>>> print(open('upload27.cif').read())   # mmCIF, C-alpha atoms
data_model
loop_
_atom_site.group_PDB
_atom_site.id
_atom_site.type_symbol
_atom_site.label_atom_id
_atom_site.label_comp_id
_atom_site.auth_asym_id
_atom_site.auth_seq_id
_atom_site.Cartn_x
_atom_site.Cartn_y
_atom_site.Cartn_z
ATOM 1 C CA MET A 1 -60.779 42.737 29.790
ATOM 2 C CA ALA A 2 -57.217 41.834 28.922
ATOM 3 C CA GLY A 3 -55.914 38.569 30.326
ATOM 4 C CA PRO A 4 -52.630 38.202 32.090
ATOM 5 C CA GLU A 5 -49.705 39.053 29.909
ATOM 6 C CA GLU A 6 -48.229 35.967 28.268
ATOM 7 C CA PRO A 7 -44.657 35.355 29.384
ATOM 8 C CA GLN A 8 -43.382 34.613 25.920
ATOM 9 C CA PHE A 9 -39.759 34.448 26.943
ATOM 10 C CA SER A 10 -40.344 31.718 29.514
ATOM 11 C CA GLU A 11 -41.933 29.487 26.888
ATOM 12 C CA PHE A 12 -38.875 29.941 24.756
ATOM 13 C CA THR A 13 -36.506 29.046 27.577
ATOM 14 C CA GLU A 14 -38.478 26.025 28.666
ATOM 15 C CA ARG A 15 -38.569 24.450 25.231
ATOM 16 C CA THR A 16 -35.018 25.167 24.197
ATOM 17 C CA PRO A 17 -32.543 22.615 25.558
ATOM 18 C CA ALA A 18 -29.639 24.103 27.473
ATOM 19 C CA LYS A 19 -26.666 24.604 25.230
ATOM 20 C CA PRO A 20 -23.934 22.176 26.271
ATOM 21 C CA PRO A 21 -20.738 23.798 27.467
ATOM 22 C CA ALA A 22 -18.135 24.126 24.746
ATOM 23 C CA GLU A 23 -15.527 22.457 26.865
ATOM 24 C CA ALA A 24 -15.269 20.145 29.830
ATOM 25 C CA TRP A 25 -12.571 20.260 32.490
ATOM 26 C CA TYR A 26 -10.700 17.189 33.539
ATOM 27 C CA PHE A 27 -7.747 16.487 35.772
ATOM 28 C CA CYS A 28 -5.010 14.933 33.685
ATOM 29 C CA LEU A 29 -2.302 12.455 34.706
ATOM 30 C CA LYS A 30 0.273 10.604 32.676
ATOM 31 C CA LEU A 31 -0.344 6.907 33.264
ATOM 32 C CA LEU A 32 0.383 3.740 31.315
ATOM 33 C CA GLY A 33 2.475 5.853 28.963
ATOM 34 C CA GLY A 34 -0.498 7.985 27.908
ATOM 35 C CA ARG A 35 -2.663 10.895 29.027
ATOM 36 C CA TYR A 36 -5.617 10.064 31.222
ATOM 37 C CA GLY A 37 -8.201 12.472 32.580
ATOM 38 C CA PHE A 38 -10.920 12.135 35.152
ATOM 39 C CA ASP A 39 -13.519 14.349 36.776
ATOM 40 C CA ALA A 40 -11.634 17.287 38.266
ATOM 41 C CA PRO A 41 -13.750 17.617 41.449
ATOM 42 C CA LEU A 42 -12.469 14.223 42.611
ATOM 43 C CA VAL A 43 -9.032 15.724 43.217
ATOM 44 C CA THR A 44 -8.432 17.581 46.454
ATOM 45 C CA GLU A 45 -4.727 18.253 46.029
ATOM 46 C CA VAL A 46 -1.493 17.161 44.429
ATOM 47 C CA VAL A 47 1.404 16.210 46.694
ATOM 48 C CA ARG A 48 4.885 14.834 46.512
ATOM 49 C CA LEU A 49 5.014 11.388 48.022
ATOM 50 C CA GLY A 50 6.572 11.320 51.419
ATOM 51 C CA LEU A 51 8.495 8.369 52.735
ATOM 52 C CA LEU A 52 6.472 5.375 51.657
ATOM 53 C CA THR A 53 5.824 2.517 54.081
ATOM 54 C CA ARG A 54 5.121 -0.796 52.439
ATOM 55 C CA LEU A 55 2.356 -2.861 53.988
ATOM 56 C CA PRO A 56 2.592 -6.609 54.451
ATOM 57 C CA ALA A 57 0.250 -8.714 52.296
ATOM 58 C CA ALA A 58 -0.580 -5.754 50.085
ATOM 59 C CA PRO A 59 -1.412 -6.241 46.411
ATOM 60 C CA LEU A 60 1.042 -4.795 43.909
ATOM 61 C CA PHE A 61 -1.261 -1.885 43.089
ATOM 62 C CA LEU A 62 -1.037 -0.743 46.726
ATOM 63 C CA PRO A 63 2.660 0.101 47.024
ATOM 64 C CA GLY A 64 2.306 1.569 50.479
ATOM 65 C CA VAL A 65 1.076 4.346 52.721
ATOM 66 C CA PHE A 66 2.491 7.704 53.711
ATOM 67 C CA THR A 67 1.615 10.509 56.075
ATOM 68 C CA HIS A 68 0.313 13.786 54.784
ATOM 69 C CA ARG A 69 -0.571 16.508 57.273
ATOM 70 C CA GLY A 70 -0.903 13.928 60.020
ATOM 71 C CA GLU A 71 -3.169 11.677 58.000
ATOM 72 C CA VAL A 72 -2.085 8.286 56.699
ATOM 73 C CA LEU A 73 -3.033 7.806 53.050
ATOM 74 C CA ALA A 74 -3.010 4.703 50.899
ATOM 75 C CA VAL A 75 -1.261 4.924 47.536
ATOM 76 C CA LEU A 76 -2.864 3.482 44.410
ATOM 77 C CA ASP A 77 -0.751 2.574 41.390
ATOM 78 C CA ILE A 78 -3.134 2.294 38.437
ATOM 79 C CA ASN A 79 -0.325 1.027 36.200
ATOM 80 C CA GLN A 80 0.085 -2.011 38.435
ATOM 81 C CA LEU A 81 -3.671 -2.474 38.677
ATOM 82 C CA MET A 82 -3.783 -2.731 34.899
ATOM 83 C CA GLY A 83 -1.007 -5.299 34.924
ATOM 84 C CA GLN A 84 1.647 -2.917 33.637
ATOM 85 C CA GLN A 85 4.985 -1.917 35.127
ATOM 86 C CA GLY A 86 4.450 0.190 38.228
ATOM 87 C CA VAL A 87 5.082 3.906 38.470
ATOM 88 C CA PRO A 88 8.679 4.390 39.666
ATOM 89 C CA ILE A 89 8.645 5.702 43.217
ATOM 90 C CA ARG A 90 11.200 8.437 43.699
ATOM 91 C CA PRO A 91 11.438 11.478 45.953
ATOM 92 C CA ASP A 92 9.908 13.590 43.168
ATOM 93 C CA THR A 93 7.022 11.204 42.437
ATOM 94 C CA ARG A 94 3.757 13.058 42.722
ATOM 95 C CA ALA A 95 0.307 11.860 43.592
ATOM 96 C CA ALA A 96 -3.189 13.251 43.198
ATOM 97 C CA ILE A 97 -5.223 12.829 46.357
ATOM 98 C CA ILE A 98 -8.697 11.831 45.347
ATOM 99 C CA HIS A 99 -11.989 11.219 47.092
ATOM 100 C CA CYS A 100 -14.133 8.506 45.526
ATOM 101 C CA GLY A 101 -17.132 7.934 47.732
ATOM 102 C CA GLN A 102 -15.858 6.528 51.012
ATOM 103 C CA TRP A 103 -12.340 5.991 49.691
ATOM 104 C CA LYS A 104 -9.569 8.526 49.897
ATOM 105 C CA VAL A 105 -6.431 7.473 48.071
ATOM 106 C CA ALA A 106 -3.322 9.006 46.561
ATOM 107 C CA VAL A 107 -3.030 8.054 42.892
ATOM 108 C CA ILE A 108 0.593 8.062 41.770
ATOM 109 C CA ALA A 109 1.414 9.015 38.231
ATOM 110 C CA GLU A 110 4.315 9.183 35.820
ATOM 111 C CA ALA A 111 3.543 12.909 35.637
ATOM 112 C CA VAL A 112 0.792 15.245 36.773
ATOM 113 C CA GLU A 113 -0.495 17.687 34.158
ATOM 114 C CA GLY A 114 -3.333 19.183 36.152
ATOM 115 C CA LEU A 115 -6.509 20.663 34.779
ATOM 116 C CA VAL A 116 -7.112 20.462 31.054
ATOM 117 C CA ALA A 117 -10.034 21.740 29.021
ATOM 118 C CA ILE A 118 -11.319 19.368 26.386
ATOM 119 C CA PRO A 119 -13.728 20.676 23.729
ATOM 120 C CA THR A 120 -16.896 18.640 24.211
ATOM 121 C CA ARG A 121 -17.243 18.224 20.453
ATOM 122 C CA THR A 122 -14.085 16.066 20.511
ATOM 123 C CA LEU A 123 -15.420 13.681 23.148
ATOM 124 C CA GLN A 124 -16.139 10.279 21.666
ATOM 125 C CA PRO A 125 -17.295 6.994 23.155
ATOM 126 C CA PRO A 126 -14.418 4.782 24.303
ATOM 127 C CA PRO A 127 -13.220 1.861 22.191
ATOM 128 C CA ALA A 128 -15.528 -1.120 22.474
ATOM 129 C CA GLU A 129 -13.026 -3.297 24.314
ATOM 130 C CA ASN A 130 -13.590 -5.025 27.566
ATOM 131 C CA ALA A 131 -10.053 -5.632 28.701
ATOM 132 C CA GLY A 132 -7.363 -3.687 30.480
ATOM 133 C CA VAL A 133 -7.843 0.005 30.955
ATOM 134 C CA ALA A 134 -10.399 0.218 28.109
ATOM 135 C CA GLU A 135 -12.890 -1.366 30.476
ATOM 136 C CA PHE A 136 -12.711 1.733 32.669
ATOM 137 C CA LEU A 137 -12.900 4.467 30.043
ATOM 138 C CA SER A 138 -15.959 6.655 29.779
ATOM 139 C CA ALA A 139 -14.837 8.714 26.761
ATOM 140 C CA VAL A 140 -11.905 9.751 24.633
ATOM 141 C CA GLY A 141 -11.217 13.374 23.783
ATOM 142 C CA ASN A 142 -8.565 15.690 22.442
ATOM 143 C CA ASP A 143 -7.435 18.967 23.960
ATOM 144 C CA GLY A 144 -5.595 20.097 20.852
ATOM 145 C CA LYS A 145 -2.275 18.652 21.989
ATOM 146 C CA SER A 146 -3.120 14.966 21.861
ATOM 147 C CA THR A 147 -5.678 12.359 22.805
ATOM 148 C CA ILE A 148 -6.828 12.095 26.408
ATOM 149 C CA ALA A 149 -8.629 8.992 27.616
ATOM 150 C CA ILE A 150 -11.248 9.781 30.231
ATOM 151 C CA LEU A 151 -11.180 7.331 33.137
ATOM 152 C CA ASP A 152 -14.153 6.448 35.272
ATOM 153 C CA LEU A 153 -11.968 6.736 38.354
ATOM 154 C CA PRO A 154 -14.542 5.712 40.976
ATOM 155 C CA ARG A 155 -15.009 2.481 39.034
ATOM 156 C CA VAL A 156 -11.242 1.947 38.903
ATOM 157 C CA VAL A 157 -10.946 2.367 42.675
ATOM 158 C CA GLU A 158 -13.898 0.103 43.326
ATOM 159 C CA ALA A 159 -12.459 -2.530 40.978
ATOM 160 C CA ALA A 160 -9.165 -2.410 42.865
ATOM 161 C CA ARG A 161 -10.927 -2.916 46.157
ATOM 162 C CA ALA A 162 -13.097 -5.707 44.792
ATOM 163 C CA ARG A 163 -10.117 -7.446 43.253
ATOM 164 C CA SER A 164 -8.432 -7.634 46.664
ATOM 165 C CA VAL A 165 -11.325 -9.024 48.633
ATOM 166 C CA PRO A 166 -10.889 -12.778 48.947
ATOM 167 C CA ALA A 167 -13.749 -14.731 47.365
ATOM 168 C CA MET B 168 -4.688 15.553 81.821
ATOM 169 C CA SER B 169 -2.063 13.500 80.060
ATOM 170 C CA GLU B 170 -2.857 11.502 76.953
ATOM 171 C CA PRO B 171 -3.087 7.720 77.384
ATOM 172 C CA THR B 172 -0.090 5.847 76.096
ATOM 173 C CA SER B 173 0.564 2.406 74.651
ATOM 174 C CA GLU B 174 3.599 0.202 75.013
ATOM 175 C CA ILE B 175 4.942 -0.767 71.622
ATOM 176 C CA LEU B 176 7.636 -3.281 70.764
ATOM 177 C CA THR B 177 9.440 -2.608 67.506
ATOM 178 C CA PHE B 178 11.280 -5.292 65.573
ATOM 179 C CA GLN B 179 12.973 -5.825 62.268
ATOM 180 C CA VAL B 180 12.461 -8.526 59.656
ATOM 181 C CA GLY B 181 14.885 -8.234 56.780
ATOM 182 C CA THR B 182 15.199 -4.507 56.169
ATOM 183 C CA ARG B 183 11.703 -3.596 57.311
ATOM 184 C CA ILE B 184 10.542 -2.417 60.686
ATOM 185 C CA TYR B 185 7.282 -3.425 62.333
ATOM 186 C CA ALA B 186 5.599 -2.833 65.649
ATOM 187 C CA THR B 187 3.409 -4.854 67.936
ATOM 188 C CA GLU B 188 1.597 -4.256 71.187
ATOM 189 C CA VAL B 189 3.883 -5.351 74.016
ATOM 190 C CA TYR B 190 1.176 -7.271 75.817
ATOM 191 C CA ASP B 191 0.882 -9.660 72.839
ATOM 192 C CA VAL B 192 4.451 -10.861 73.416
ATOM 193 C CA ARG B 193 5.020 -13.218 76.326
ATOM 194 C CA ARG B 194 8.796 -13.063 76.072
ATOM 195 C CA ILE B 195 11.685 -12.639 73.675
ATOM 196 C CA GLY B 196 13.455 -15.872 72.879
ATOM 197 C CA HIS B 197 16.160 -17.045 70.541
ATOM 198 C CA GLY B 198 15.400 -17.786 66.942
ATOM 199 C CA THR B 199 16.736 -21.314 67.393
ATOM 200 C CA GLU B 200 15.012 -22.074 70.679
ATOM 201 C CA ALA B 201 13.836 -25.660 70.843
ATOM 202 C CA GLY B 202 10.385 -26.753 71.929
ATOM 203 C CA LEU B 203 8.582 -23.938 70.151
ATOM 204 C CA THR B 204 6.647 -23.721 66.932
ATOM 205 C CA HIS B 205 8.687 -21.230 64.911
ATOM 206 C CA VAL B 206 7.324 -19.172 62.057
ATOM 207 C CA SER B 207 10.103 -17.685 59.976
ATOM 208 C CA ARG B 208 8.519 -16.892 56.661
ATOM 209 C CA SER B 209 5.398 -14.768 56.575
ATOM 210 C CA CYS B 210 3.944 -11.761 54.830
ATOM 211 C CA LEU B 211 6.432 -9.676 56.835
ATOM 212 C CA GLY B 212 9.219 -11.333 54.893
ATOM 213 C CA GLN B 213 11.899 -13.706 56.069
ATOM 214 C CA PRO B 214 14.625 -12.922 58.604
ATOM 215 C CA LEU B 215 18.095 -12.736 57.165
ATOM 216 C CA ALA B 216 19.269 -14.598 60.262
ATOM 217 C CA SER B 217 17.236 -16.273 62.982
ATOM 218 C CA GLY B 218 18.264 -13.836 65.647
ATOM 219 C CA ARG B 219 15.318 -13.570 67.954
ATOM 220 C CA GLY B 220 11.902 -15.059 68.405
ATOM 221 C CA LEU B 221 8.884 -13.110 69.602
ATOM 222 C CA VAL B 222 7.152 -15.701 71.736
ATOM 223 C CA VAL B 223 3.388 -15.558 72.029
ATOM 224 C CA THR B 224 0.697 -17.868 73.318
ATOM 225 C CA GLY B 225 -1.006 -19.859 70.592
ATOM 226 C CA THR B 226 -4.646 -20.886 70.454
ATOM 227 C CA ASP B 227 -3.806 -24.157 72.207
ATOM 228 C CA GLU B 228 -1.932 -22.302 74.992
ATOM 229 C CA MET B 229 1.349 -23.578 73.574
ATOM 230 C CA GLU B 230 4.162 -21.140 72.955
ATOM 231 C CA GLN B 231 4.791 -20.112 69.385
ATOM 232 C CA ALA B 232 7.468 -17.795 68.059
ATOM 233 C CA LEU B 233 7.769 -15.401 65.177
ATOM 234 C CA ASP B 234 11.405 -15.306 64.141
ATOM 235 C CA VAL B 235 12.779 -11.846 63.538
ATOM 236 C CA ASP B 236 16.174 -10.386 62.859
ATOM 237 C CA ARG B 237 16.277 -7.876 65.683
ATOM 238 C CA VAL B 238 14.182 -6.550 68.502
ATOM 239 C CA LEU B 239 14.700 -2.814 68.390
ATOM 240 C CA GLY B 240 13.138 -1.953 71.711
ATOM 241 C CA ILE B 241 10.063 -1.054 73.640
ATOM 242 C CA GLN B 242 8.686 2.429 73.689
ATOM 243 C CA SER B 243 5.748 4.225 75.114
ATOM 244 C CA VAL B 244 3.787 6.109 72.466
ATOM 245 C CA PRO B 245 0.807 8.418 72.826
ATOM 246 C CA GLY B 246 -2.488 6.810 71.893
ATOM 247 C CA SER B 247 -2.864 9.275 69.052
ATOM 248 C CA SER B 248 0.203 7.735 67.373
ATOM 249 C CA ILE B 249 -1.714 4.545 66.760
ATOM 250 C CA GLN B 250 -3.941 4.888 63.761
ATOM 251 C CA PRO B 251 -6.221 2.532 61.904
ATOM 252 C CA LEU B 252 -5.223 1.508 58.416
ATOM 253 C CA PRO B 253 -6.592 3.805 55.728
ATOM 254 C CA ALA B 254 -9.986 2.362 54.787
ATOM 255 C CA PHE B 255 -8.911 1.542 51.249
ATOM 256 C CA ALA B 256 -5.759 -0.238 52.436
ATOM 257 C CA ALA B 257 -7.703 -2.184 55.056
ATOM 258 C CA GLN B 258 -9.951 -3.522 52.316
ATOM 259 C CA CYS B 259 -7.054 -4.550 50.113
ATOM 260 C CA LEU B 260 -4.673 -6.374 52.465
ATOM 261 C CA GLY B 261 -4.502 -10.146 52.342
ATOM 262 C CA SER B 262 -3.829 -10.563 56.059
ATOM 263 C CA ALA B 263 -5.857 -9.760 59.150
ATOM 264 C CA ALA B 264 -2.636 -9.520 61.141
ATOM 265 C CA VAL B 265 -1.956 -5.949 60.019
ATOM 266 C CA VAL B 266 -4.184 -4.180 62.488
ATOM 267 C CA GLY B 267 -3.072 -0.578 62.137
ATOM 268 C CA LEU B 268 -0.148 1.780 61.985
ATOM 269 C CA VAL B 269 2.040 3.396 64.590
ATOM 270 C CA VAL B 270 3.413 6.747 63.536
ATOM 271 C CA LEU B 271 7.024 6.796 64.749
ATOM 272 C CA ASP B 272 9.123 9.828 63.818
ATOM 273 C CA GLU B 273 6.383 10.829 61.352
ATOM 274 C CA SER B 274 6.729 7.506 59.585
ATOM 275 C CA PRO B 275 3.850 5.001 59.665
ATOM 276 C CA THR B 276 5.015 1.605 60.905
ATOM 277 C CA PRO B 277 2.752 -1.431 60.417
ATOM 278 C CA LEU B 278 1.248 -2.652 63.679
ATOM 279 C CA ILE B 279 1.178 -6.438 63.679
ATOM 280 C CA ASP B 280 -1.014 -8.803 65.672
ATOM 281 C CA ILE B 281 1.561 -11.570 66.046
ATOM 282 C CA PRO B 282 -0.756 -14.358 67.276
ATOM 283 C CA THR B 283 -2.977 -13.758 64.241
ATOM 284 C CA LEU B 284 0.041 -13.663 61.930
ATOM 285 C CA ILE B 285 1.333 -16.979 63.274
ATOM 286 C CA ARG B 286 -2.089 -18.588 63.052
ATOM 287 C CA GLU B 287 -2.527 -17.420 59.444
ATOM 288 C CA GLN B 288 0.930 -18.647 58.509
ATOM 289 C CA LEU B 289 0.400 -22.040 60.090
ATOM 290 C CA GLU B 290 -2.903 -22.365 58.220
ATOM 291 C CA ILE B 291 -1.180 -21.470 54.950
ATOM 292 C CA SER B 292 1.566 -23.996 55.640
ATOM 293 C CA ALA B 293 -1.015 -26.683 56.360
ATOM 294 C CA ALA B 294 -3.038 -25.909 53.226
ATOM 295 C CA PRO B 295 -2.550 -27.896 50.026
ATOM 296 C CA ARG B 296 0.189 -26.314 47.928
ATOM 297 C CA GLU B 297 -2.129 -25.005 45.190
ATOM 298 C CA LYS B 298 -4.179 -23.056 47.753
ATOM 299 C CA ARG B 299 -1.230 -21.200 49.235
ATOM 300 C CA ILE B 300 -1.054 -17.526 48.681
ATOM 301 C CA PRO B 301 2.277 -16.006 47.778
ATOM 302 C CA ASP B 302 4.210 -14.128 50.436
ATOM 303 C CA ALA B 303 4.493 -10.386 50.039
#
>>> encode(input="upload27.cif", output="structure tokens")
Amino acid sequence: MAGPEEPQFSEFTERTPAKPPAEAWYFCLKLLGGRYGFDAPLVTEVVRLGLLTRLPAAPLFLPGVFTHRGEVLAVLDINQLMGQQGVPIRPDTRAAIIHCGQWKVAVIAEAVEGLVAIPTRTLQPPPAENAGVAEFLSAVGNDGKSTIAILDLPRVVEAARARSVPA
Amino acid sequence: MSEPTSEILTFQVGTRIYATEVYDVRRIGHGTEAGLTHVSRSCLGQPLASGRGLVVTGTDEMEQALDVDRVLGIQSVPGSSIQPLPAFAAQCLGSAAVVGLVVLDESPTPLIDIPTLIREQLEISAAPREKRIPDA
């Protein structure tokens, strides 16, 4: 009596690792004079900054808050957080609204590029430095135009928060 | 049913506008009024001229005043205009005196707890110089 038919194809699929996607999508901002990407799903929208209200006793990397669709949002200036000159705040300054865990902030940038596809074969480990922005990089890639440093944005936001909490 | 309202006093320090709950302020005095503990310099900035003093009751029941440039007025705002600070901002501020925001004409205005602000400022002034934190 013939046994059950062997599912040859399933054995093949189980033992063959999934082929990695040829490219990864990141959301790209111009910061610190360079191109920085981070996980695209963190971004909910890109807005022009409204009238910014400065908050008393705020650290330099928190230049203020503004209202967007009835919600008050905090603005994060990564340039300032990294000890560099802040992003100039003008009527045309744009911000990417991001959700990082429990935090929702508007990250201002020198320019907003939007989504970019980076061939995964170009992604390299970040430089082995432990200072400045290098501390927060998860990879470095190239989209064919130039290098893009991939930021671990949730870690950046958490570092900003931790840096503000008095010891 | 009408929405509950809050009475807000708005004031100006330097070029910036702030708000406070009216019931925190006992009275409005002069910036030069004698017999009061005056706080001029704080994280709100420093008045360009000692025009007015927002007089509150201190922890020892003595009157204390926050000097401001101008008192802009008192207005009744719907409760929905008063919002908490965004969570991220609340975690980052170096003062507990910024207790929220009042949205006036679509613009968020910092809501200040003046007794807390004065207490913090007096503590900073009393601290050894190296422990002082810089003003905003």
>>> resolve_selection(input="upload27.cif", expression="the PyMOL selection byres ((chain A) within 7 of (chain B))", output="ChimeraX atom specification")
/A:53,55-59,66-67,72-74,103,161,164-165
>>> resolve_selection(input="upload27.cif", expression="the PyMOL selection byres ((chain B and resi 171-175) around 6)", output="PyMOL selection string")
chain B and resi 170+176+187-189+241-246
>>> residues_around(input="upload27.cif", residues="segment 148-150 of chain A", least_positions_apart="3", cutoff="7 Å", atoms="only C-alpha atoms", output="PDB file with C-alpha atoms, in the coordinates of the input")
ATOM      1  CA  ARG A  35      -2.663  10.895  29.027  1.00  0.00           C
ATOM      2  CA  TYR A  36      -5.617  10.064  31.222  1.00  0.00           C
ATOM      3  CA  GLY A  37      -8.201  12.472  32.580  1.00  0.00           C
ATOM      4  CA  PHE A  38     -10.920  12.135  35.152  1.00  0.00           C
ATOM      5  CA  LEU A 137     -12.900   4.467  30.043  1.00  0.00           C
ATOM      6  CA  SER A 138     -15.959   6.655  29.779  1.00  0.00           C
ATOM      7  CA  ALA A 139     -14.837   8.714  26.761  1.00  0.00           C
ATOM      8  CA  VAL A 140     -11.905   9.751  24.633  1.00  0.00           C
ATOM      9  CA  GLY A 141     -11.217  13.374  23.783  1.00  0.00           C
ATOM     10  CA  ASN A 142      -8.565  15.690  22.442  1.00  0.00           C
TER      11      ASN A 142
END
>>> closest_residue(input="upload27.cif", among="B:Gly240, B:Pro295, B:Gly181, B:Gly198", to="Leu215 of chain B", atoms="all atoms listed in the file")
B:Gly181
>>> resolve_selection(input="upload27.cif", expression="the PyMOL selection byres ((chain B and resi 203) around 7)", output="PyMOL selection string")
chain B and resi 200-202+204-205+230-232
>>> atom_distance(input="upload27.cif", atom1="atom CA of Ala109 of chain A", atom2="atom CA of Pro126 of chain A")
21.5 Å
>>> atom_distance(input="upload27.cif", atom1="atom CA of Gly114 of chain A", atom2="atom CA of Ala40 of chain A")
8.8 Å
>>> build_atoms(input="upload27.cif", residues="segment 266-278 of chain B", atoms="N, CA, C and O atoms", output="PDB file, keeping the file's coordinate frame")
ATOM      1  N   VAL B 266      -3.011  -4.736  61.801  1.00  0.00           N
ATOM      2  CA  VAL B 266      -4.184  -4.180  62.488  1.00  0.00           C
ATOM      3  C   VAL B 266      -4.177  -2.654  62.545  1.00  0.00           C
ATOM      4  O   VAL B 266      -5.141  -2.050  63.010  1.00  0.00           O
ATOM      5  N   GLY B 267      -3.115  -2.044  62.109  1.00  0.00           N
ATOM      6  CA  GLY B 267      -3.072  -0.578  62.137  1.00  0.00           C
ATOM      7  C   GLY B 267      -1.677  -0.087  61.853  1.00  0.00           C
ATOM      8  O   GLY B 267      -0.831  -0.820  61.315  1.00  0.00           O
ATOM      9  N   LEU B 268      -1.447   1.152  62.218  1.00  0.00           N
ATOM     10  CA  LEU B 268      -0.148   1.780  61.985  1.00  0.00           C
ATOM     11  C   LEU B 268       0.246   2.567  63.222  1.00  0.00           C
ATOM     12  O   LEU B 268      -0.610   3.171  63.881  1.00  0.00           O
ATOM     13  N   VAL B 269       1.524   2.536  63.525  1.00  0.00           N
ATOM     14  CA  VAL B 269       2.040   3.396  64.590  1.00  0.00           C
ATOM     15  C   VAL B 269       2.910   4.443  63.922  1.00  0.00           C
ATOM     16  O   VAL B 269       3.823   4.091  63.167  1.00  0.00           O
ATOM     17  N   VAL B 270       2.609   5.694  64.156  1.00  0.00           N
ATOM     18  CA  VAL B 270       3.413   6.747  63.536  1.00  0.00           C
ATOM     19  C   VAL B 270       4.600   7.036  64.452  1.00  0.00           C
ATOM     20  O   VAL B 270       4.450   7.559  65.551  1.00  0.00           O
ATOM     21  N   LEU B 271       5.784   6.605  63.997  1.00  0.00           N
ATOM     22  CA  LEU B 271       7.024   6.796  64.749  1.00  0.00           C
ATOM     23  C   LEU B 271       7.912   7.730  63.948  1.00  0.00           C
ATOM     24  O   LEU B 271       8.215   7.446  62.785  1.00  0.00           O
ATOM     25  N   ASP B 272       8.311   8.839  64.542  1.00  0.00           N
ATOM     26  CA  ASP B 272       9.123   9.828  63.818  1.00  0.00           C
ATOM     27  C   ASP B 272       8.472  10.205  62.496  1.00  0.00           C
ATOM     28  O   ASP B 272       9.144  10.265  61.450  1.00  0.00           O
ATOM     29  N   GLU B 273       7.179  10.419  62.513  1.00  0.00           N
ATOM     30  CA  GLU B 273       6.383  10.829  61.352  1.00  0.00           C
ATOM     31  C   GLU B 273       6.289   9.758  60.273  1.00  0.00           C
ATOM     32  O   GLU B 273       5.815  10.012  59.168  1.00  0.00           O
ATOM     33  N   SER B 274       6.779   8.572  60.579  1.00  0.00           N
ATOM     34  CA  SER B 274       6.729   7.506  59.585  1.00  0.00           C
ATOM     35  C   SER B 274       5.766   6.426  60.066  1.00  0.00           C
ATOM     36  O   SER B 274       5.909   5.914  61.181  1.00  0.00           O
ATOM     37  N   PRO B 275       4.772   6.053  59.235  1.00  0.00           N
ATOM     38  CA  PRO B 275       3.850   5.001  59.665  1.00  0.00           C
ATOM     39  C   PRO B 275       4.529   3.631  59.653  1.00  0.00           C
ATOM     40  O   PRO B 275       5.155   3.254  58.669  1.00  0.00           O
ATOM     41  N   THR B 276       4.420   2.933  60.765  1.00  0.00           N
ATOM     42  CA  THR B 276       5.015   1.605  60.905  1.00  0.00           C
ATOM     43  C   THR B 276       3.883   0.597  61.085  1.00  0.00           C
ATOM     44  O   THR B 276       3.018   0.808  61.944  1.00  0.00           O
ATOM     45  N   PRO B 277       3.853  -0.467  60.284  1.00  0.00           N
ATOM     46  CA  PRO B 277       2.752  -1.431  60.417  1.00  0.00           C
ATOM     47  C   PRO B 277       2.694  -2.036  61.822  1.00  0.00           C
ATOM     48  O   PRO B 277       3.716  -2.443  62.375  1.00  0.00           O
ATOM     49  N   LEU B 278       1.495  -2.071  62.362  1.00  0.00           N
ATOM     50  CA  LEU B 278       1.248  -2.652  63.679  1.00  0.00           C
ATOM     51  C   LEU B 278       0.726  -4.073  63.458  1.00  0.00           C
ATOM     52  O   LEU B 278      -0.309  -4.257  62.800  1.00  0.00           O
TER      53      LEU B 278
END
